[in-house]
Each structure stands twice: as C-alpha cells, then as structure tokens.
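Data file: upload.cif. Format and content: mmCIF, C-alpha atoms and all ligand atoms.
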```
data_structure
#
loop_
_atom_site.group_PDB
_atom_site.id
_atom_site.type_symbol
_atom_site.label_atom_id
_atom_site.label_comp_id
_atom_site.auth_asym_id
_atom_site.auth_seq_id
_atom_site.Cartn_x
_atom_site.Cartn_y
_atom_site.Cartn_z
ATOM 1 C CA MET A 18 0.000 0.000 0.000
ATOM 2 C CA SER A 19 1.532 3.329 -1.000
ATOM 3 C CA ARG A 20 0.338 6.652 0.349
ATOM 4 C CA LEU A 21 1.234 10.065 -1.037
ATOM 5 C CA LEU A 22 0.732 13.166 1.086
ATOM 6 C CA LEU A 23 -0.162 16.311 -0.875
ATOM 7 C CA THR A 24 -0.122 19.442 1.293
ATOM 8 C CA GLY A 25 -1.673 22.669 0.052
ATOM 9 C CA ALA A 26 -4.223 20.660 -1.921
ATOM 10 C CA GLY A 27 -6.769 23.483 -1.748
ATOM 11 C CA GLY A 28 -4.585 26.041 -3.556
ATOM 12 C CA LYS A 29 -4.596 26.848 -7.274
ATOM 13 C CA VAL A 30 -1.768 24.440 -8.079
ATOM 14 C CA GLY A 31 -2.727 21.950 -5.363
ATOM 15 C CA SER A 32 -6.269 21.524 -6.594
ATOM 16 C CA GLU A 33 -4.963 20.682 -10.089
ATOM 17 C CA LEU A 34 -2.477 18.161 -8.701
ATOM 18 C CA ARG A 35 -5.192 16.705 -6.516
ATOM 19 C CA LYS A 36 -6.893 15.666 -9.766
ATOM 20 C CA SER A 37 -3.847 14.764 -11.860
ATOM 21 C CA LEU A 38 -2.130 12.651 -9.176
ATOM 22 C CA ASN A 39 -5.277 10.779 -8.192
ATOM 23 C CA GLY A 40 -4.834 7.060 -8.826
ATOM 24 C CA TRP A 41 -1.056 7.271 -9.232
ATOM 25 C CA LYS A 42 -0.547 5.835 -5.718
ATOM 26 C CA ASP A 43 -2.963 3.622 -3.759
ATOM 27 C CA ILE A 44 -4.006 6.548 -1.592
ATOM 28 C CA ILE A 45 -3.503 10.280 -1.853
ATOM 29 C CA ARG A 46 -3.844 12.050 1.478
ATOM 30 C CA VAL A 47 -4.828 15.607 0.635
ATOM 31 C CA SER A 48 -4.416 18.331 3.176
ATOM 32 C CA ASP A 49 -4.949 22.057 3.567
ATOM 33 C CA ILE A 50 -5.828 24.589 6.248
ATOM 34 C CA ALA A 51 -8.953 25.298 4.156
ATOM 35 C CA ASN A 52 -11.883 22.947 3.834
ATOM 36 C CA LEU A 53 -11.278 20.434 1.019
ATOM 37 C CA GLY A 54 -14.786 19.019 0.961
ATOM 38 C CA GLU A 55 -15.592 15.321 0.807
ATOM 39 C CA ALA A 56 -12.875 12.745 0.130
ATOM 40 C CA ARG A 57 -12.960 11.566 -3.478
ATOM 41 C CA ASP A 58 -12.168 8.018 -4.575
ATOM 42 C CA GLY A 59 -8.668 7.009 -3.490
ATOM 43 C CA GLU A 60 -8.365 9.972 -1.113
ATOM 44 C CA GLU A 61 -8.062 10.746 2.563
ATOM 45 C CA VAL A 62 -8.782 14.349 3.545
ATOM 46 C CA VAL A 63 -7.046 15.940 6.531
ATOM 47 C CA GLU A 64 -7.510 19.578 7.525
ATOM 48 C CA CYS A 65 -4.257 20.795 9.066
ATOM 49 C CA ASP A 66 -2.500 23.994 10.135
ATOM 50 C CA LEU A 67 1.138 23.398 9.174
ATOM 51 C CA GLY A 68 2.273 25.495 12.137
ATOM 52 C CA ASP A 69 0.737 22.961 14.554
ATOM 53 C CA LYS A 70 3.469 20.401 15.180
ATOM 54 C CA ASP A 71 1.257 17.710 16.743
ATOM 55 C CA ALA A 72 -1.226 17.968 13.891
ATOM 56 C CA VAL A 73 1.571 17.692 11.290
ATOM 57 C CA MET A 74 2.983 14.612 13.075
ATOM 58 C CA LYS A 75 -0.398 12.892 12.663
ATOM 59 C CA LEU A 76 -0.729 14.158 9.103
ATOM 60 C CA VAL A 77 2.559 12.592 7.980
ATOM 61 C CA GLU A 78 2.194 9.282 9.839
ATOM 62 C CA GLY A 79 1.620 6.419 7.411
ATOM 63 C CA CYS A 80 2.730 8.335 4.298
ATOM 64 C CA ASP A 81 5.575 7.135 2.053
ATOM 65 C CA ILE A 82 6.226 10.252 0.019
ATOM 66 C CA ILE A 83 5.333 13.935 0.346
ATOM 67 C CA VAL A 84 4.604 16.667 -2.172
ATOM 68 C CA HIS A 85 4.827 19.734 0.029
ATOM 69 C CA LEU A 86 3.019 22.608 -1.621
ATOM 70 C CA GLY A 87 1.383 23.881 1.549
ATOM 71 C CA GLY A 88 2.082 27.208 3.203
ATOM 72 C CA GLN A 89 1.835 30.874 2.294
ATOM 73 C CA SER A 90 2.198 31.184 -1.491
ATOM 74 C CA VAL A 91 2.605 34.953 -1.893
ATOM 75 C CA GLU A 92 4.002 37.808 0.188
ATOM 76 C CA HIS A 93 2.316 38.389 3.538
ATOM 77 C CA SER A 94 3.038 39.515 7.097
ATOM 78 C CA PHE A 95 6.081 38.080 8.849
ATOM 79 C CA GLU A 96 3.814 36.347 11.399
ATOM 80 C CA THR A 97 1.871 34.544 8.678
ATOM 81 C CA ILE A 98 5.051 33.511 6.858
ATOM 82 C CA LEU A 99 6.647 32.412 10.122
ATOM 83 C CA ASN A 100 3.783 30.058 10.933
ATOM 84 C CA ALA A 101 3.109 28.628 7.483
ATOM 85 C CA ASN A 102 6.522 28.590 5.795
ATOM 86 C CA ILE A 103 9.110 28.528 8.573
ATOM 87 C CA LYS A 104 7.452 26.475 11.320
ATOM 88 C CA GLY A 105 5.380 24.646 8.714
ATOM 89 C CA VAL A 106 8.277 23.336 6.649
ATOM 90 C CA TYR A 107 10.210 22.418 9.788
ATOM 91 C CA ASN A 108 7.213 20.475 11.086
ATOM 92 C CA ILE A 109 6.935 18.584 7.796
ATOM 93 C CA TYR A 110 10.636 17.583 7.748
ATOM 94 C CA GLU A 111 10.672 16.701 11.425
ATOM 95 C CA ALA A 112 7.571 14.535 11.000
ATOM 96 C CA ALA A 113 9.180 12.936 7.928
ATOM 97 C CA ARG A 114 12.261 12.078 9.996
ATOM 98 C CA ILE A 115 10.220 10.610 12.848
ATOM 99 C CA HIS A 116 7.921 8.633 10.540
ATOM 100 C CA GLY A 117 10.605 7.425 8.120
ATOM 101 C CA VAL A 118 9.555 9.281 4.951
ATOM 102 C CA LYS A 119 12.488 9.016 2.555
ATOM 103 C CA ARG A 120 11.711 11.454 -0.267
ATOM 104 C CA ILE A 121 9.995 14.855 -0.475
ATOM 105 C CA LEU A 122 9.240 17.279 -3.264
ATOM 106 C CA PHE A 123 9.381 20.759 -1.758
ATOM 107 C CA ALA A 124 7.615 23.557 -3.607
ATOM 108 C CA SER A 125 10.125 26.395 -3.493
ATOM 109 C CA SER A 126 9.785 29.431 -5.724
ATOM 110 C CA ASN A 127 11.532 31.555 -8.343
ATOM 111 C CA HIS A 128 11.352 34.338 -5.724
ATOM 112 C CA VAL A 129 14.371 32.764 -3.995
ATOM 113 C CA THR A 130 16.394 34.190 -6.909
ATOM 114 C CA GLY A 131 14.108 37.067 -7.887
ATOM 115 C CA PHE A 132 16.775 39.795 -7.756
ATOM 116 C CA HIS A 133 18.872 38.237 -10.524
ATOM 117 C CA ASN A 134 18.698 40.085 -13.821
ATOM 118 C CA GLN A 135 16.449 38.659 -16.484
ATOM 119 C CA GLU A 136 19.530 38.425 -18.770
ATOM 120 C CA THR A 137 21.315 36.096 -16.333
ATOM 121 C CA LEU A 138 20.910 32.387 -16.984
ATOM 122 C CA LEU A 139 20.524 30.714 -13.594
ATOM 123 C CA ASP A 140 21.134 27.158 -12.504
ATOM 124 C CA ALA A 141 20.808 25.199 -9.272
ATOM 125 C CA LYS A 142 24.006 26.788 -7.898
ATOM 126 C CA SER A 143 22.966 30.385 -8.474
ATOM 127 C CA GLU A 144 23.128 32.559 -5.408
ATOM 128 C CA PHE A 145 19.992 33.196 -3.342
ATOM 129 C CA ARG A 146 18.743 36.736 -4.105
ATOM 130 C CA PRO A 147 15.238 36.740 -2.612
ATOM 131 C CA ASP A 148 12.863 39.529 -3.566
ATOM 132 C CA SER A 149 10.378 39.216 -0.668
ATOM 133 C CA MET A 150 9.999 37.745 2.802
ATOM 134 C CA TYR A 151 8.121 34.952 1.031
ATOM 135 C CA GLY A 152 11.265 34.343 -1.079
ATOM 136 C CA VAL A 153 13.413 34.397 2.069
ATOM 137 C CA SER A 154 11.154 31.765 3.654
ATOM 138 C CA LYS A 155 11.473 29.524 0.579
ATOM 139 C CA GLY A 156 15.274 29.862 0.806
ATOM 140 C CA TYR A 157 14.988 28.692 4.406
ATOM 141 C CA GLY A 158 12.954 25.694 3.241
ATOM 142 C CA GLU A 159 15.656 24.793 0.715
ATOM 143 C CA LEU A 160 18.388 25.027 3.354
ATOM 144 C CA LEU A 161 16.356 22.947 5.762
ATOM 145 C CA ALA A 162 15.833 20.292 3.089
ATOM 146 C CA ARG A 163 19.574 20.273 2.351
ATOM 147 C CA TYR A 164 20.251 19.778 6.075
ATOM 148 C CA TYR A 165 17.777 16.888 6.362
ATOM 149 C CA TRP A 166 19.474 15.187 3.402
ATOM 150 C CA ASP A 167 23.051 15.586 4.663
ATOM 151 C CA LYS A 168 22.219 14.737 8.243
ATOM 152 C CA PHE A 169 19.292 12.305 8.063
ATOM 153 C CA GLY A 170 19.308 11.007 4.482
ATOM 154 C CA ILE A 171 15.880 12.370 3.528
ATOM 155 C CA GLU A 172 15.954 13.128 -0.190
ATOM 156 C CA THR A 173 14.465 16.330 -1.575
ATOM 157 C CA ALA A 174 13.806 17.832 -4.966
ATOM 158 C CA ALA A 175 13.362 21.552 -4.242
ATOM 159 C CA VAL A 176 11.394 22.983 -7.141
ATOM 160 C CA ARG A 177 11.769 26.718 -7.789
ATOM 161 C CA ILE A 178 8.373 27.057 -9.376
ATOM 162 C CA GLY A 179 7.972 29.774 -11.984
ATOM 163 C CA TYR A 180 4.396 30.659 -12.934
ATOM 164 C CA CYS A 181 2.196 27.582 -12.647
ATOM 165 C CA PHE A 182 -1.196 28.752 -13.874
ATOM 166 C CA PRO A 183 -3.348 27.764 -16.856
ATOM 167 C CA ARG A 184 -1.616 30.268 -19.161
ATOM 168 C CA PRO A 185 1.097 32.968 -19.109
ATOM 169 C CA THR A 186 -0.276 36.503 -18.944
ATOM 170 C CA ASN A 187 2.685 38.755 -19.873
ATOM 171 C CA LYS A 188 6.289 38.770 -21.127
ATOM 172 C CA ARG A 189 7.741 37.745 -17.776
ATOM 173 C CA THR A 190 5.471 34.763 -17.312
ATOM 174 C CA MET A 191 6.117 33.659 -20.919
ATOM 175 C CA SER A 192 9.674 32.884 -19.685
ATOM 176 C CA ILE A 193 8.761 31.186 -16.420
ATOM 177 C CA TRP A 194 5.441 29.464 -17.165
ATOM 178 C CA MET A 195 5.057 25.809 -16.184
ATOM 179 C CA SER A 196 1.998 23.860 -17.271
ATOM 180 C CA PHE A 197 0.115 21.672 -14.786
ATOM 181 C CA ASN A 198 0.850 18.784 -17.110
ATOM 182 C CA ASP A 199 4.627 19.371 -16.890
ATOM 183 C CA PHE A 200 4.484 19.787 -13.119
ATOM 184 C CA THR A 201 2.611 16.491 -12.834
ATOM 185 C CA SER A 202 5.178 14.685 -14.980
ATOM 186 C CA MET A 203 8.000 16.213 -12.933
ATOM 187 C CA ILE A 204 6.470 14.960 -9.677
ATOM 188 C CA LYS A 205 6.064 11.437 -11.040
ATOM 189 C CA GLN A 206 9.634 11.432 -12.360
ATOM 190 C CA VAL A 207 11.065 12.678 -9.047
ATOM 191 C CA PHE A 208 9.466 9.775 -7.198
ATOM 192 C CA GLU A 209 10.030 7.130 -9.862
ATOM 193 C CA THR A 210 13.738 7.770 -10.441
ATOM 194 C CA SER A 211 16.163 5.685 -8.400
ATOM 195 C CA ARG A 212 18.153 8.479 -6.751
ATOM 196 C CA VAL A 213 17.408 12.119 -6.003
ATOM 197 C CA GLY A 214 19.703 13.053 -3.103
ATOM 198 C CA TYR A 215 19.251 16.804 -2.730
ATOM 199 C CA THR A 216 18.606 18.746 -5.892
ATOM 200 C CA VAL A 217 17.146 22.035 -7.067
ATOM 201 C CA ILE A 218 14.946 22.032 -10.172
ATOM 202 C CA TYR A 219 13.654 25.187 -11.828
ATOM 203 C CA GLY A 220 9.985 24.644 -12.550
ATOM 204 C CA ALA A 221 9.330 25.903 -16.076
ATOM 205 C CA SER A 222 7.998 24.305 -19.224
ATOM 206 C CA ASN A 223 10.014 24.017 -22.417
ATOM 207 C CA ASN A 224 9.565 27.743 -23.152
ATOM 208 C CA LYS A 225 11.397 29.550 -25.958
ATOM 209 C CA GLN A 226 12.754 32.400 -23.815
ATOM 210 C CA ARG A 227 14.324 30.735 -20.808
ATOM 211 C CA TRP A 228 16.086 32.162 -17.770
ATOM 212 C CA TRP A 229 16.956 28.827 -16.170
ATOM 213 C CA ASP A 230 19.193 25.897 -16.967
ATOM 214 C CA ASN A 231 18.353 22.581 -15.300
ATOM 215 C CA HIS A 232 21.510 20.657 -16.295
ATOM 216 C CA LEU A 233 22.464 20.064 -12.651
ATOM 217 C CA SER A 234 19.260 18.092 -12.083
ATOM 218 C CA SER A 235 19.174 16.423 -15.510
ATOM 219 C CA TYR A 236 19.948 13.034 -13.878
ATOM 220 C CA ILE A 237 16.359 13.079 -12.591
ATOM 221 C CA GLY A 238 15.244 12.608 -16.197
ATOM 222 C CA TRP A 239 12.402 15.133 -16.289
ATOM 223 C CA GLN A 240 11.618 16.512 -19.764
ATOM 224 C CA PRO A 241 8.978 19.259 -19.891
ATOM 225 C CA GLU A 242 6.806 18.934 -22.988
ATOM 226 C CA ASP A 243 4.682 22.068 -23.101
ATOM 227 C CA SER A 244 5.752 25.551 -24.152
ATOM 228 C CA SER A 245 4.430 29.046 -23.481
ATOM 229 C CA GLU A 246 4.818 29.738 -27.230
ATOM 230 C CA GLU A 247 1.289 28.466 -27.791
ATOM 231 C CA PHE A 248 0.119 31.610 -25.922
ATOM 232 C CA ALA A 249 2.510 34.069 -27.634
ATOM 233 C CA ASN A 250 -0.332 35.665 -29.597
ATOM 234 C CA ASP A 251 -2.741 36.016 -26.683
ATOM 235 C CA SER A 252 -3.923 39.619 -26.523
ATOM 236 C CA GLU A 253 -2.870 39.908 -22.860
ATOM 237 C CA VAL A 254 0.689 38.887 -23.720
ATOM 238 C CA LEU A 255 0.860 41.086 -26.842
ATOM 239 C CA LYS A 256 -0.339 44.209 -25.056
ATOM 240 C CA ASP A 257 2.380 43.832 -22.397
ATOM 241 C CA THR A 258 5.086 46.295 -23.509
ATOM 242 C CA PRO A 259 7.180 46.753 -20.390
ATOM 243 C CA ASP A 260 9.662 49.589 -19.819
ATOM 244 C CA PRO A 261 13.103 47.898 -19.986
ATOM 245 C CA LEU A 262 14.513 50.276 -17.351
ATOM 246 C CA HIS A 263 11.839 49.596 -14.739
ATOM 247 C CA PRO A 264 12.864 47.141 -11.949
ATOM 248 C CA ASP A 265 9.815 45.001 -12.759
ATOM 249 C CA THR A 266 11.333 44.334 -16.178
ATOM 250 C CA LYS A 267 14.959 44.217 -15.123
ATOM 251 C CA TYR A 268 14.684 41.489 -12.502
ATOM 252 C CA GLN A 269 13.380 37.952 -12.710
ATOM 253 C CA GLY A 270 11.038 38.466 -9.762
ATOM 254 C CA GLY A 271 9.153 41.179 -11.693
ATOM 255 C CA PHE A 272 6.901 43.421 -9.618
ATOM 256 C CA TRP A 273 7.828 41.508 -6.477
ATOM 257 C CA THR A 274 11.185 43.340 -6.541
ATOM 258 C CA SER A 275 9.659 46.829 -6.516
ATOM 259 C CA ASN A 276 6.905 46.174 -3.975
ATOM 260 C CA GLY A 277 7.545 47.741 -0.582
ATOM 261 C CA ALA A 278 7.548 45.886 2.737
ATOM 262 C CA TRP A 279 4.202 44.120 3.284
ATOM 263 C CA GLU A 280 4.006 45.687 6.754
ATOM 264 C CA ASP A 281 4.205 49.233 5.290
ATOM 265 C CA GLU A 282 1.683 48.564 2.564
ATOM 266 C CA ASN A 283 -0.857 46.899 4.862
ATOM 267 C CA LYS A 284 -0.991 49.216 7.884
HETATM 268 C C1 LIG A 301 5.021 32.444 -6.817
HETATM 269 O O1 LIG A 301 5.858 31.939 -6.089
HETATM 270 C C2 LIG A 301 3.604 32.496 -6.441
HETATM 271 O O2 LIG A 301 3.218 31.417 -5.615
HETATM 272 C C3 LIG A 301 2.678 32.597 -7.637
HETATM 273 O O3 LIG A 301 1.393 32.984 -7.176
HETATM 274 C C4 LIG A 301 3.188 33.589 -8.692
HETATM 275 O O4 LIG A 301 3.076 34.876 -8.198
HETATM 276 C C5 LIG A 301 4.613 33.282 -9.073
HETATM 277 O O5 LIG A 301 5.426 33.118 -7.932
HETATM 278 C C6 LIG A 301 5.262 34.352 -9.945
HETATM 279 O O6 LIG A 301 6.471 34.545 -9.827
HETATM 280 O O7 LIG A 301 4.580 34.970 -10.764
#
```

Exercise: express the given structure as structure tokens:
Amino acid sequence: MSRLLLTGAGGKVGSELRKSLNGWKDIIRVSDIANLGEARDGEEVVECDLGDKDAVMKLVEGCDIIVHLGGQSVEHSFETILNANIKGVYNIYEAARIHGVKRILFASSNHVTGFHNQETLLDAKSEFRPDSMYGVSKGYGELLARYYWDKFGIETAAVRIGYCFPRPTNKRTMSIWMSFNDFTSMIKQVFETSRVGYTVIYGASNNKQRWWDNHLSSYIGWQPEDSSEEFANDSEVLKDTPDPLHPDTKYQGGFWTSNGAWEDENK
C-alpha cells in the first residue's frame, strides 16, 4: 500500500495536482488549512495547520512520500510567513524524519532568486537573491531540506516554481510558465527515479525564452513537454510592452522586486 501526502491541496496548483495525481498511488492524502470538501475516490482528507506540530505529526504518519506545496504562497506579514513557511516546513521535515519518509518534493519558488537580472541564466548553484519575505522563507525551506538530506538522508527535490497557472499573462510569465501537465510529470519522475539526493529544479515548461538551466538536475530525467509559445499571440501577452529600465522588467522576480515591505503597505 503506498500513500502520497499532498499538502496545500486546496490552492490553485494543489487543486490541479489533486486531480492529476489521483490514482497514481494507492491513496492520496490531501491536506490544507482550508476545507477540502468530501474525500474523493482514493483519497483521505485531513484539515491541518502546518504550524501545529502535533497535527503535522499525525498528518505525515503512514505516508511514504510527500509533495509539500502547503504554506503561504505569496508575500504576507512576517507572522503569517513564520507560521506557514518557517514552522510549517520544519514540522513537515521533522515529521518525515520521525515517521521514516524518505523522499519529499518541496515547492520552493523563483522568488528565492528574484533579484537576478532577467539576462542572467541561472542554474541550481545560483546565489539566493530573494525579492520578498516569502522568497526568504522559501530559501529557508531549501536550506532545511539540504540539512535533512546531509544529516538524516531524507531526499528532496526543491522545485523553484515559476508561474504555474493555466496560461502565461505577460512577457515575464512567458519565460517562467510551467503547465500543470509538466508539473505532474515532474512529480512522477522525481518519485520514480532511483536516486534524487538533494537537488534544485527550476519549474518551467520548455519555453522559448528561458532564464533557467536545469543541467544540474538532468539526472532526474524530467523533460517538460509544453511551451508558453502556444500563448505568444494572446492579446494579454501582446499588449504587455514593459519599460526595460523599470525594476519590474529588469529582474526575474518582476513586480515583487519593486513592492515595498508588506508591513508598510498593509498598515
Ligand atoms: C510564486 O511563487 C507564487 O506562488 C505565484 O502565485 C506567482 O506569483 C509566481 O510566484 C510568480 O512569480 O509569478
């Protein structure tokens, strides 16, 4: 009997993966802080606040592999990020250690490296240059995952997700778009390959304009099949004529780099 835990199953990406991963393992345990409704065939539903260590211990018990999407997925207050993305990711790894989970896919983000120029081709060794407290928290998650691999032998693929939505909406997201289909195939490949160790994968489809080079994780064997080119003539994309000198256009993190501190903007 194999059981996959999918955290963050109520989010935009999570709800797609909830469908596309159904039936891949005997049971998919779907979890979120939000109500996920009735369990579907092949599912167990667990409502869980990732910041609650006891609840996360119970959540992880009995699972073989984890796709950890859960947490705060955009910029927010430090307190919210602390609970969901700092305590939350620690609770997941600690529960994995206690319950013997051997491999995790951790949903990191392109905002870990958001202050790199759009002209710079990044790879898994590129320096952290977070553009938000959210990006900082994802960098923490990557470091924690690295630590749990070196010290406790728990394997992780940390995926710096670009823009995982139905379609790209502007020039920036044309470069960093990842289809749900490609994300699903990546997840399956990460858990079906013999060895992962600790690796960083940039999560983008086979787009024409690329900012990321995944050669350091090529041993995983993931080949994205979709491309943002099929949306190149969408009116939304065509009408996006960004000012090349504006920080939103200069940096990979786009408008995240020019936003002020969340605390100032939400007084
Ligand atoms: C992310 O990390 C967010 O979760 C997603 O909502 C998008 O904003 C994406 O980055 C992006 O960079 O556009």

Could you list, with a cut-off of 8 Å and counting only C-alpha atoms, the residues of range 192-244 of chain A near range 130-141 of chain A, each shown with its nearest atom pair and the distance in Å rounded to one decimal, rows sorted by chain and ascending number, as a tab-separated table?
```
residue	atom	partner	partner_atom	distance
A:Thr216	CA	A:Ala141	CA	7.6
A:Val217	CA	A:Ala141	CA	5.3
A:Ile218	CA	A:Ala141	CA	6.7
A:Tyr219	CA	A:Ala141	CA	7.6
A:Arg227	CA	A:Leu138	CA	7.8
A:Trp228	CA	A:Leu138	CA	4.9
A:Trp229	CA	A:Leu139	CA	4.8
A:Asp230	CA	A:Asp140	CA	5.0
A:Asn231	CA	A:Asp140	CA	6.0
A:His232	CA	A:Asp140	CA	7.5
A:Leu233	CA	A:Ala141	CA	6.4
A:Ser234	CA	A:Ala141	CA	7.8
```

For ligand LIG 301 (chain A), the nearest of the candidates A:Ser149, A:Asn127, A:Ser202, A:Ser196, counting all atoms listed in the file: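 Ranked by minimum distance to ligand LIG 301 (chain A), first place goes to A:Asn127.
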
Can you tell me, as an MDAnalysis selection string, what residues are no more than 10 Å from Pro147 in chain A when counting all atoms listed in the file, ignoring any on the same chain fewer than 3 positions away? chainID A and resid 126:133 144 150:156 270 273:274

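Minimum atom-to-atom distance to ligand LIG 301 (chain A), evaluated using all atoms listed in the file, belongs to A:His93 out of A:Lys42, A:Arg163, A:His93, A:Arg120.
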
Would you compute the box with edges along x, y and z of the file around ligand LIG 301 (chain A), including every atom the file lists for it and 4 Å extra on each side, and give its centre and edge lengths in Å to one decimal, as lines of an AutoDock Vina configuration file?
```
center_x = 3.9
center_y = 33.2
center_z = -8.2
size_x = 13.1
size_y = 11.6
size_z = 13.1
```

As a PDB file with C-alpha atoms, keeping the file's coordinate frame, please: every protein or nucleic acid residue near ligand LIG 301 (chain A) (cut-off 9 Å, counting all atoms listed in the file).
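See part-v5.pdb below for the written result:
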```pdb
ATOM      1  CA  LYS A  29      -4.596  26.848  -7.274  1.00  0.00           C
ATOM      2  CA  VAL A  30      -1.768  24.440  -8.079  1.00  0.00           C
ATOM      3  CA  GLN A  89       1.835  30.874   2.294  1.00  0.00           C
ATOM      4  CA  SER A  90       2.198  31.184  -1.491  1.00  0.00           C
ATOM      5  CA  VAL A  91       2.605  34.953  -1.893  1.00  0.00           C
ATOM      6  CA  GLU A  92       4.002  37.808   0.188  1.00  0.00           C
ATOM      7  CA  ALA A 124       7.615  23.557  -3.607  1.00  0.00           C
ATOM      8  CA  SER A 125      10.125  26.395  -3.493  1.00  0.00           C
ATOM      9  CA  SER A 126       9.785  29.431  -5.724  1.00  0.00           C
ATOM     10  CA  ASN A 127      11.532  31.555  -8.343  1.00  0.00           C
ATOM     11  CA  HIS A 128      11.352  34.338  -5.724  1.00  0.00           C
ATOM     12  CA  VAL A 129      14.371  32.764  -3.995  1.00  0.00           C
ATOM     13  CA  GLY A 131      14.108  37.067  -7.887  1.00  0.00           C
ATOM     14  CA  TYR A 151       8.121  34.952   1.031  1.00  0.00           C
ATOM     15  CA  GLY A 152      11.265  34.343  -1.079  1.00  0.00           C
ATOM     16  CA  ARG A 177      11.769  26.718  -7.789  1.00  0.00           C
ATOM     17  CA  ILE A 178       8.373  27.057  -9.376  1.00  0.00           C
ATOM     18  CA  GLY A 179       7.972  29.774 -11.984  1.00  0.00           C
ATOM     19  CA  TYR A 180       4.396  30.659 -12.934  1.00  0.00           C
ATOM     20  CA  CYS A 181       2.196  27.582 -12.647  1.00  0.00           C
ATOM     21  CA  PHE A 182      -1.196  28.752 -13.874  1.00  0.00           C
ATOM     22  CA  ARG A 189       7.741  37.745 -17.776  1.00  0.00           C
ATOM     23  CA  THR A 190       5.471  34.763 -17.312  1.00  0.00           C
ATOM     24  CA  ILE A 193       8.761  31.186 -16.420  1.00  0.00           C
ATOM     25  CA  TRP A 194       5.441  29.464 -17.165  1.00  0.00           C
ATOM     26  CA  GLN A 269      13.380  37.952 -12.710  1.00  0.00           C
ATOM     27  CA  GLY A 270      11.038  38.466  -9.762  1.00  0.00           C
ATOM     28  CA  GLY A 271       9.153  41.179 -11.693  1.00  0.00           C
ATOM     29  CA  PHE A 272       6.901  43.421  -9.618  1.00  0.00           C
ATOM     30  CA  TRP A 273       7.828  41.508  -6.477  1.00  0.00           C
TER      31      TRP A 273
END
```

Nearest candidate to Asn250 in chain A (options A:Cys65, A:Met191, A:Ile237, A:Ala174; using only C-alpha atoms):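 Answer, going by the shortest atom-to-atom distance: A:Met191.
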
Given the file shown, enumerate the residues that the PyMOL selection byres (((chain A and resi 108) around 10) and not hetatm) captures and present them as a ChimeraX atom specification. /A:67-74,77,101-107,109-114

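Rounded to one decimal, CA of Ile44 in chain A and CA of Ile115 in chain A lie 20.7 Å from each other.
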
Could you state which residues are captured by the PyMOL selection byres (((chain A and resi 223) around 8) and not hetatm) in this file, as an MDAnalysis selection string? chainID A and resid 221:222 224:225 241:245

Name the residues in contact with Asn39 in chain A at a cut-off of 8 Å, using only C-alpha atoms, excluding same-chain residues fewer than 5 positions from it; report them as an MDAnalysis selection string. chainID A and resid 34 44:45 59:60

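If you look at CA of Phe197 in chain A and CA of Asp66 in chain A, they are 25.2 Å away from each other.
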
Rounded to one decimal, what separation in Å do you get between CA of Phe248 in chain A and CA of Met195 in chain A?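 Straight-line distance from CA of Phe248 in chain A to CA of Met195 in chain A works out to 12.4 Å.
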
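The neighbours of Leu255 in chain A here are the residues that come within 10 Å of it, using all atoms listed in the file and leaving out any residue fewer than 3 positions away in the same chain; they are Thr186, Asn187, Lys188, Phe248, Ala249, Asn250, Asp251, Ser252 and Thr258 of chain A.
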
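If you measure from each of A:Asp148, A:Glu282, A:Asp257, A:Asp199 to Glu33 in chain A using only C-alpha atoms, the closest one turns out to be A:Asp199.
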
Closest to Val254 in chain A among A:Gly28, A:Gly214, A:Gly277, A:Pro185, using all atoms listed in the file?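 For Val254 in chain A, the nearest of the given residues is A:Pro185.
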
With 7 Å as the threshold, what does the neighbourhood of (-7.4, 25.6, 6.8) contain in terms of residues, counting only C-alpha atoms? Coordinates are those of the file; answer as an MDAnalysis selection string. chainID A and resid 49:52 64:66

Select, from A:Phe200, A:Tyr268, A:Trp41, A:Tyr215, the residue with the minimum atom-to-atom distance to Trp239 in chain A, counting all atoms listed in the file.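 Of A:Phe200, A:Tyr268, A:Trp41, A:Tyr215, the one nearest Trp239 in chain A, counting all atoms listed in the file, is A:Phe200.
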
Picked residues, the PyMOL selection byres (((chain A and resi 57) around 12) and not hetatm), expected as a count of residues only: 17

Taking 6 positions as the minimum chain separation for residues in the same chain, which residues sit within 7 Å of Thr24 in chain A when counting all atoms listed in the file? Answer as number ranges by chain. A: 47-49, 84-87

Kindly save the residues from that selection, with C-alpha atoms included, as a short mmCIF file (atom, residue, chain, number, x, y, z; two decimals), in the frame of the given file.
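Now in out38.cif:
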```
data_model
loop_
_atom_site.label_atom_id
_atom_site.label_comp_id
_atom_site.auth_asym_id
_atom_site.auth_seq_id
_atom_site.Cartn_x
_atom_site.Cartn_y
_atom_site.Cartn_z
CA VAL A 47 -4.83 15.61 0.64
CA SER A 48 -4.42 18.33 3.18
CA ASP A 49 -4.95 22.06 3.57
CA VAL A 84 4.60 16.67 -2.17
CA HIS A 85 4.83 19.73 0.03
CA LEU A 86 3.02 22.61 -1.62
CA GLY A 87 1.38 23.88 1.55
#
```
